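Some notes on the structure that comes next.
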Amino acid sequence: MLNIIWVAFILVGFVAALVQTLQGDLDIFSRVLTGLFDTAKTGFDISLGLVGVMSLWLGIMKIGERGGLIQLFGRLVAPFFRRVFPDIPPGHPASGSIVMNFSANMLGLDNAATPLGLKAMRELQEINPKPDTASNPMIMFLVLNTAGITLIPTSVIAIRQAIALKQGLVGFNAADIFLPTLLGTFVSFCAGLVAVAVWQRINLLSRPVLTFFAGFAALMGGLYAWLAGLPPERMAQMIGLLGSGLIVSLITLFVAVAAWRRIDVYEAFVEGAKEGFGVAVQIIPYLIAMLAAISVFRTTGGMDYLIGGIRTAVLALGLNADFVPALPVGLMKTLSGSGARGLMVDVMTTHGVDSFPGKLAAIIQGSTETTFYVLAVYFGSVNITKTRYALACGLIADAVGLVGAILIGYAFYH
């Protein structure tokens, strides 16, 4: 599936470029070529930039593993994981790494989540009977990762506040999209979980799974009650304190427990950090391949044609089309996180950060994930070439999450 879509991006982009050339745009192929070179450099820069942060987090994870805390985290979620990841052996360190990755994603800590996710993939590869083919646990992990729940859309809130200041809005609450975004991510997460569970014939009507959902609902309600009444500035401070404080506390806990158990903490960190460089270099070709195809599709206007067709269809059905200006954010987010962020800023600038399209763009940006990027990087890190149904389930979660975000936006703001 990934191969078919990659080829389609290139071919559709080329045909679109030919059409534009015949219409008099003689610079289109130059822009396409420039975009290809730029994305190749971007892919390398992203991978190179991951070396430091991956070395840091893989080193910390090695300390936690040597100290036994990763295994402890795995045991705490064992009842839920036994249902969702039945092929992971009890007590395997992959369970702890997956928990850590999900926790970082929930707090909006992307830089921490990526190396933790790559660590989990490497551990899942150790129990993969076919090294070139995605295993069931890998597919479940990646789909839930791309459709992961985000408690705090930190970057989206920061961008909205900055744009509001430029637009002269007084008393603007940049965090008012907190609850809609949280609900949007929950819809996407449930869709991804159900899609993979159906494919893998996993029974979700069990006490551990239902307990998890009940616990999340309680956590969601408590967090909203705590943050909803705070002024925007105070809310931003508390969000920052929650995210950074939890991560720093976790690092300290790992180090303290390992030292108490007489582990050579420094040596453990260095051993784990050495893996960071190798993983970062290994993902370069996979990342560049995906970014190049996306660049051709975007530069030649393929996304514009798609949106125009959707707008025409929506109006023909007699439906409200106020959501269409924000729709490119959701479609691009599946392909490129930075591209979607740019589109979100464009929507907020054009229509206003406090407008319905502006709010909806923020909800979509905060509640969807870059499925193609995650699949390319994570599978590439362990040399998986046969992805099976991972992309299909990821796109199902994206589609349901996008529709859910739009409906939630209408319910809250329209």
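Starting from 1 in every chain, residues are counted up; chains themselves are A, B, ... following the order of the structure tokens, and ligands are numbered from 1 as listed.
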task = Give the alpha helix (DSSP H) residues of range 61-257 of chain A, as DSSP finds them on the backbone, and put them as a ChimeraX atom specification.
result = /A:61-67,69-76,78-84,93-106,110-126,136-146,154-166,178-200,207-227,232-257
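By only C-alpha atoms, and with residues fewer than 6 positions from Leu169 in chain A along its chain excluded, the set lying at most 12 Å from it is Arg160, Gln161, Ala162, Ile163, Gly352, Val353, Asp354 and Ser355 of chain A.
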Generate a file of the selected residues that holds all heavy atoms, formatted as a short mmCIF file (atom, residue, chain, number, x, y, z; two decimals), in the first residue's frame.
```cif
data_model
loop_
_atom_site.label_atom_id
_atom_site.label_comp_id
_atom_site.auth_asym_id
_atom_site.auth_seq_id
_atom_site.Cartn_x
_atom_site.Cartn_y
_atom_site.Cartn_z
N ARG A 160 -1.47 29.74 18.46
CA ARG A 160 -2.70 30.54 18.49
C ARG A 160 -2.51 31.81 19.30
O ARG A 160 -2.97 32.88 18.90
CB ARG A 160 -3.85 29.72 19.09
CG ARG A 160 -4.26 28.52 18.28
CD ARG A 160 -5.51 27.88 18.85
NE ARG A 160 -6.70 28.65 18.48
CZ ARG A 160 -7.68 28.93 19.30
NH1 ARG A 160 -7.62 28.57 20.57
NH2 ARG A 160 -8.74 29.61 18.88
N GLN A 161 -1.81 31.71 20.42
CA GLN A 161 -1.58 32.90 21.25
C GLN A 161 -0.73 33.93 20.51
O GLN A 161 -1.01 35.13 20.56
CB GLN A 161 -0.90 32.50 22.55
CG GLN A 161 -0.80 33.62 23.58
CD GLN A 161 -2.16 34.06 24.08
OE1 GLN A 161 -2.98 33.24 24.50
NE2 GLN A 161 -2.44 35.35 24.04
N ALA A 162 0.29 33.46 19.79
CA ALA A 162 1.16 34.37 19.06
C ALA A 162 0.41 35.08 17.93
O ALA A 162 0.56 36.29 17.72
CB ALA A 162 2.36 33.60 18.49
N ILE A 163 -0.43 34.34 17.21
CA ILE A 163 -1.20 34.95 16.12
C ILE A 163 -2.24 35.92 16.67
O ILE A 163 -2.49 36.98 16.08
CB ILE A 163 -1.87 33.85 15.27
CG1 ILE A 163 -0.80 33.01 14.57
CG2 ILE A 163 -2.81 34.47 14.23
CD1 ILE A 163 -1.36 31.86 13.76
N GLY A 352 -8.77 34.54 10.46
CA GLY A 352 -8.78 35.01 11.84
C GLY A 352 -8.62 33.84 12.81
O GLY A 352 -9.24 32.79 12.63
N VAL A 353 -7.79 34.04 13.82
CA VAL A 353 -7.52 32.95 14.76
C VAL A 353 -8.75 32.60 15.59
O VAL A 353 -8.88 31.45 16.06
CB VAL A 353 -6.33 33.35 15.68
CG1 VAL A 353 -6.74 34.47 16.62
CG2 VAL A 353 -5.83 32.15 16.48
N ASP A 354 -9.67 33.55 15.74
CA ASP A 354 -10.88 33.30 16.55
C ASP A 354 -12.08 32.95 15.68
O ASP A 354 -13.20 32.83 16.19
CB ASP A 354 -11.20 34.54 17.39
CG ASP A 354 -12.03 34.19 18.63
OD1 ASP A 354 -11.90 33.05 19.11
OD2 ASP A 354 -12.80 35.05 19.09
N SER A 355 -11.87 32.77 14.37
CA SER A 355 -12.96 32.39 13.48
C SER A 355 -13.22 30.90 13.56
O SER A 355 -12.43 30.14 14.12
CB SER A 355 -12.60 32.77 12.03
OG SER A 355 -11.50 31.98 11.59
#
```
ask   = Skipping near chain neighbours, those fewer than 6 positions away, what residues fall within 12 Å of Ile202 in chain A using only C-alpha atoms, listed as a VMD selection string?
value = chain A and resid 80 to 87 136 to 137 140 193 to 196 209
key: Selection: 10 Å around Pro93 in chain A, only C-alpha atoms, excl. self and same-chain fewer than 6 positions, as a ChimeraX atom specification   = /A:65,68-75,119-120,123-124
Using the selection just defined, write its residues with all heavy atoms as an mmCIF file, in the first residue's frame.
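In the end it all went to selection_31.cif:
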```cif
data_model
loop_
_atom_site.group_PDB
_atom_site.id
_atom_site.type_symbol
_atom_site.label_atom_id
_atom_site.label_comp_id
_atom_site.auth_asym_id
_atom_site.auth_seq_id
_atom_site.Cartn_x
_atom_site.Cartn_y
_atom_site.Cartn_z
ATOM 1 N N GLU A 65 15.753 0.689 32.119
ATOM 2 C CA GLU A 65 15.707 -0.753 31.886
ATOM 3 C C GLU A 65 16.611 -1.494 32.868
ATOM 4 O O GLU A 65 16.211 -2.504 33.459
ATOM 5 C CB GLU A 65 16.134 -1.037 30.447
ATOM 6 C CG GLU A 65 16.063 -2.500 30.055
ATOM 7 C CD GLU A 65 16.501 -2.719 28.623
ATOM 8 O OE1 GLU A 65 16.269 -1.808 27.788
ATOM 9 O OE2 GLU A 65 17.077 -3.778 28.341
ATOM 10 N N GLY A 68 15.149 -1.548 36.315
ATOM 11 C CA GLY A 68 13.941 -2.337 36.482
ATOM 12 C C GLY A 68 12.644 -1.564 36.389
ATOM 13 O O GLY A 68 11.563 -2.154 36.482
ATOM 14 N N LEU A 69 12.706 -0.236 36.177
ATOM 15 C CA LEU A 69 11.470 0.553 36.143
ATOM 16 C C LEU A 69 10.689 0.350 34.850
ATOM 17 O O LEU A 69 9.454 0.419 34.850
ATOM 18 C CB LEU A 69 11.796 2.034 36.334
ATOM 19 C CG LEU A 69 12.177 2.441 37.757
ATOM 20 C CD1 LEU A 69 12.495 3.921 37.824
ATOM 21 C CD2 LEU A 69 11.058 2.096 38.733
ATOM 22 N N ILE A 70 11.392 0.128 33.737
ATOM 23 C CA ILE A 70 10.689 -0.126 32.477
ATOM 24 C C ILE A 70 9.850 -1.398 32.600
ATOM 25 O O ILE A 70 8.696 -1.449 32.180
ATOM 26 C CB ILE A 70 11.692 -0.250 31.314
ATOM 27 C CG1 ILE A 70 12.490 1.046 31.142
ATOM 28 C CG2 ILE A 70 10.961 -0.597 30.025
ATOM 29 C CD1 ILE A 70 11.650 2.237 30.833
ATOM 30 N N GLN A 71 10.452 -2.426 33.197
ATOM 31 C CA GLN A 71 9.708 -3.665 33.407
ATOM 32 C C GLN A 71 8.520 -3.449 34.344
ATOM 33 O O GLN A 71 7.460 -4.053 34.176
ATOM 34 C CB GLN A 71 10.642 -4.738 33.975
ATOM 35 C CG GLN A 71 11.741 -5.186 33.005
ATOM 36 C CD GLN A 71 12.958 -4.276 33.009
ATOM 37 O OE1 GLN A 71 12.895 -3.148 33.482
ATOM 38 N NE2 GLN A 71 14.071 -4.770 32.476
ATOM 39 N N LEU A 72 8.703 -2.561 35.350
ATOM 40 C CA LEU A 72 7.612 -2.259 36.272
ATOM 41 C C LEU A 72 6.453 -1.581 35.553
ATOM 42 O O LEU A 72 5.284 -1.935 35.768
ATOM 43 C CB LEU A 72 8.122 -1.361 37.403
ATOM 44 C CG LEU A 72 7.073 -0.887 38.411
ATOM 45 C CD1 LEU A 72 6.429 -2.081 39.112
ATOM 46 C CD2 LEU A 72 7.686 0.069 39.429
ATOM 47 N N PHE A 73 6.764 -0.609 34.686
ATOM 48 C CA PHE A 73 5.716 0.035 33.901
ATOM 49 C C PHE A 73 4.975 -0.986 33.053
ATOM 50 O O PHE A 73 3.753 -0.932 32.903
ATOM 51 C CB PHE A 73 6.308 1.121 33.008
ATOM 52 C CG PHE A 73 6.710 2.358 33.748
ATOM 53 C CD1 PHE A 73 7.869 3.034 33.409
ATOM 54 C CD2 PHE A 73 5.938 2.856 34.776
ATOM 55 C CE1 PHE A 73 8.254 4.188 34.088
ATOM 56 C CE2 PHE A 73 6.305 3.994 35.467
ATOM 57 C CZ PHE A 73 7.470 4.659 35.124
ATOM 58 N N GLY A 74 5.738 -1.913 32.487
ATOM 59 C CA GLY A 74 5.115 -2.950 31.672
ATOM 60 C C GLY A 74 4.157 -3.814 32.466
ATOM 61 O O GLY A 74 3.073 -4.174 31.986
ATOM 62 N N ARG A 75 4.540 -4.142 33.714
ATOM 63 C CA ARG A 75 3.668 -4.967 34.548
ATOM 64 C C ARG A 75 2.401 -4.222 34.966
ATOM 65 O O ARG A 75 1.336 -4.813 35.105
ATOM 66 C CB ARG A 75 4.422 -5.443 35.792
ATOM 67 C CG ARG A 75 5.471 -6.517 35.499
ATOM 68 C CD ARG A 75 5.915 -7.203 36.773
ATOM 69 N NE ARG A 75 6.621 -6.292 37.666
ATOM 70 C CZ ARG A 75 7.936 -6.092 37.642
ATOM 71 N NH1 ARG A 75 8.682 -6.731 36.741
ATOM 72 N NH2 ARG A 75 8.505 -5.265 38.485
ATOM 73 N N LYS A 119 12.695 3.189 20.063
ATOM 74 C CA LYS A 119 13.178 2.183 21.006
ATOM 75 C C LYS A 119 12.196 1.021 21.093
ATOM 76 O O LYS A 119 12.596 -0.166 21.077
ATOM 77 C CB LYS A 119 13.363 2.824 22.383
ATOM 78 C CG LYS A 119 13.684 1.872 23.517
ATOM 79 C CD LYS A 119 15.088 1.330 23.437
ATOM 80 C CE LYS A 119 15.456 0.575 24.709
ATOM 81 N NZ LYS A 119 16.788 -0.058 24.621
ATOM 82 N N ALA A 120 10.914 1.327 21.166
ATOM 83 C CA ALA A 120 9.896 0.286 21.228
ATOM 84 C C ALA A 120 9.904 -0.562 19.958
ATOM 85 O O ALA A 120 9.760 -1.800 20.018
ATOM 86 C CB ALA A 120 8.512 0.913 21.438
ATOM 87 N N GLU A 123 12.683 -3.067 20.010
ATOM 88 C CA GLU A 123 12.405 -4.170 20.923
ATOM 89 C C GLU A 123 11.336 -5.103 20.351
ATOM 90 O O GLU A 123 11.397 -6.322 20.543
ATOM 91 C CB GLU A 123 11.986 -3.621 22.277
ATOM 92 C CG GLU A 123 13.138 -2.937 23.009
ATOM 93 C CD GLU A 123 12.693 -2.143 24.222
ATOM 94 O OE1 GLU A 123 11.476 -1.852 24.320
ATOM 95 O OE2 GLU A 123 13.540 -1.789 25.047
ATOM 96 N N LEU A 124 10.356 -4.552 19.646
ATOM 97 C CA LEU A 124 9.353 -5.388 18.989
ATOM 98 C C LEU A 124 9.974 -6.200 17.862
ATOM 99 O O LEU A 124 9.531 -7.324 17.582
ATOM 100 C CB LEU A 124 8.216 -4.520 18.447
ATOM 101 C CG LEU A 124 7.288 -3.879 19.485
ATOM 102 C CD1 LEU A 124 6.311 -2.922 18.808
ATOM 103 C CD2 LEU A 124 6.529 -4.940 20.271
#
```
Who sits within 9 Å of Leu291 in chain A, only C-alpha atoms, same chain under 5 positions skipped, as a PyMOL selection string = chain A and resi 36+39-40+42-43+286+296+335-336+373
Could those residues be written to a file, using all heavy atoms, as a short mmCIF file (atom, residue, chain, number, x, y, z; two decimals), in the first residue's frame?
```cif
data_model
loop_
_atom_site.label_atom_id
_atom_site.label_comp_id
_atom_site.auth_asym_id
_atom_site.auth_seq_id
_atom_site.Cartn_x
_atom_site.Cartn_y
_atom_site.Cartn_z
N LEU A 36 12.19 19.12 -4.50
CA LEU A 36 12.82 17.82 -4.26
C LEU A 36 14.15 17.98 -3.54
O LEU A 36 14.46 17.26 -2.58
CB LEU A 36 13.01 17.08 -5.58
CG LEU A 36 11.77 16.44 -6.20
CD1 LEU A 36 12.06 15.93 -7.59
CD2 LEU A 36 11.26 15.31 -5.32
N THR A 39 13.52 19.11 0.08
CA THR A 39 13.03 18.06 0.98
C THR A 39 14.10 17.03 1.27
O THR A 39 14.12 16.45 2.37
CB THR A 39 11.79 17.36 0.38
OG1 THR A 39 12.09 16.91 -0.95
CG2 THR A 39 10.61 18.28 0.34
N ALA A 40 14.98 16.77 0.30
CA ALA A 40 16.09 15.85 0.57
C ALA A 40 16.97 16.40 1.69
O ALA A 40 17.38 15.68 2.60
CB ALA A 40 16.92 15.63 -0.69
N THR A 42 15.96 18.59 3.91
CA THR A 42 15.14 18.59 5.13
C THR A 42 15.14 17.22 5.79
O THR A 42 15.26 17.11 7.02
CB THR A 42 13.70 19.00 4.79
OG1 THR A 42 13.70 20.33 4.25
CG2 THR A 42 12.82 18.96 6.03
N GLY A 43 15.00 16.16 4.98
CA GLY A 43 15.02 14.82 5.54
C GLY A 43 16.32 14.51 6.25
O GLY A 43 16.33 13.91 7.33
N TYR A 286 14.55 6.33 4.21
CA TYR A 286 13.09 6.17 4.27
C TYR A 286 12.40 7.52 4.39
O TYR A 286 11.37 7.78 3.75
CB TYR A 286 12.72 5.29 5.47
CG TYR A 286 13.27 3.89 5.38
CD1 TYR A 286 14.52 3.58 5.93
CD2 TYR A 286 12.55 2.88 4.74
CE1 TYR A 286 15.02 2.29 5.85
CE2 TYR A 286 13.05 1.59 4.67
CZ TYR A 286 14.28 1.30 5.22
OH TYR A 286 14.78 0.03 5.14
N VAL A 296 6.45 16.58 -4.36
CA VAL A 296 5.95 16.63 -5.75
C VAL A 296 4.44 16.84 -5.77
O VAL A 296 3.92 17.67 -6.51
CB VAL A 296 6.33 15.33 -6.48
CG1 VAL A 296 5.67 15.28 -7.86
CG2 VAL A 296 7.84 15.21 -6.63
N LEU A 335 0.25 13.65 5.79
CA LEU A 335 1.46 13.57 4.98
C LEU A 335 2.66 14.25 5.62
O LEU A 335 3.78 13.75 5.60
CB LEU A 335 1.21 14.21 3.60
CG LEU A 335 0.00 13.70 2.82
CD1 LEU A 335 -0.18 14.51 1.54
CD2 LEU A 335 0.16 12.22 2.49
N SER A 336 2.44 15.43 6.19
CA SER A 336 3.56 16.24 6.69
C SER A 336 3.12 17.10 7.86
O SER A 336 2.21 17.93 7.71
CB SER A 336 4.12 17.12 5.55
OG SER A 336 4.99 18.09 6.06
N TYR A 373 4.65 9.88 7.77
CA TYR A 373 5.95 10.15 8.40
C TYR A 373 6.26 9.09 9.45
O TYR A 373 7.36 8.53 9.47
CB TYR A 373 5.93 11.54 9.03
CG TYR A 373 7.13 11.84 9.90
CD1 TYR A 373 8.31 12.33 9.34
CD2 TYR A 373 7.09 11.65 11.28
CE1 TYR A 373 9.41 12.60 10.14
CE2 TYR A 373 8.17 11.91 12.08
CZ TYR A 373 9.34 12.40 11.51
OH TYR A 373 10.42 12.66 12.29
#
```
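Using only C-alpha atoms for every distance, the candidate list A:Ala197, A:Val270, A:Met220, A:Ile263 yields A:Met220 as the residue closest to Ile149 in chain A.
The gap separating CA of Gly330 in chain A from CA of Gln20 in chain A is 25.5 Å, in Å to one decimal.
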Between CA of Ala397 in chain A and CA of Ser135 in chain A, distance in Å (one decimal) = 18.9 Å
remark   = CA of Gly302 in chain A to CA of Met290 in chain A measures 15.8 Å
message = Report as a VMD selection string all protein, DNA and RNA residues lying within 10 Å of range 27-34 of chain A, evaluated on only C-alpha atoms, omitting residues in the same chain fewer than 4 positions from it.
response = chain A and resid 13 to 14 16 to 21 38 to 40 292 295 to 301
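For the residues A:Val51, A:Ile288, A:Ala258, A:Gln167, ranking by smallest atom-to-atom distance to Phe37 in chain A using only C-alpha atoms places A:Ile288 first.
The closest residue to Arg261 in chain A, picked from A:Ala147, A:Ile63, A:Ala175, A:Ala313 and counting only C-alpha atoms, is A:Ile63.
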query = Using only C-alpha atoms, which residues sit within 10 Å of Ile139 in chain A once same-chain residues fewer than 3 positions away are excluded, as a PyMOL selection string?
reply = chain A and resi 85+134-136+142-145+196+200+375+379+387-391+393-394
Output C-alpha atoms for every residue in that selection, as a PDB file, in the first residue's frame.
```pdb
ATOM      1  CA  PHE A  85      -0.826  -6.757  22.332  1.00  0.00           C
ATOM      2  CA  ALA A 134       5.484  -5.898  10.160  1.00  0.00           C
ATOM      3  CA  SER A 135       4.262  -8.046  13.054  1.00  0.00           C
ATOM      4  CA  ASN A 136       0.836  -7.705  14.679  1.00  0.00           C
ATOM      5  CA  LEU A 142       2.062   2.262  15.035  1.00  0.00           C
ATOM      6  CA  VAL A 143      -1.654   2.771  14.444  1.00  0.00           C
ATOM      7  CA  LEU A 144      -2.235   3.735  18.077  1.00  0.00           C
ATOM      8  CA  ASN A 145       0.835   5.976  17.853  1.00  0.00           C
ATOM      9  CA  VAL A 196      -6.662  -3.078  14.123  1.00  0.00           C
ATOM     10  CA  GLN A 200      -6.353  -9.043  14.262  1.00  0.00           C
ATOM     11  CA  LEU A 375       5.244   4.719   9.237  1.00  0.00           C
ATOM     12  CA  PHE A 379       9.373   0.943   9.944  1.00  0.00           C
ATOM     13  CA  THR A 387       3.874  -3.145   6.119  1.00  0.00           C
ATOM     14  CA  ARG A 388       0.776  -5.315   5.574  1.00  0.00           C
ATOM     15  CA  TYR A 389      -2.389  -3.436   6.633  1.00  0.00           C
ATOM     16  CA  ALA A 390      -0.688  -0.851   8.875  1.00  0.00           C
ATOM     17  CA  LEU A 391      -1.252   2.045   6.476  1.00  0.00           C
ATOM     18  CA  CYS A 393      -5.719   1.056   9.529  1.00  0.00           C
ATOM     19  CA  GLY A 394      -3.765   4.268  10.105  1.00  0.00           C
TER      20      GLY A 394
END
```
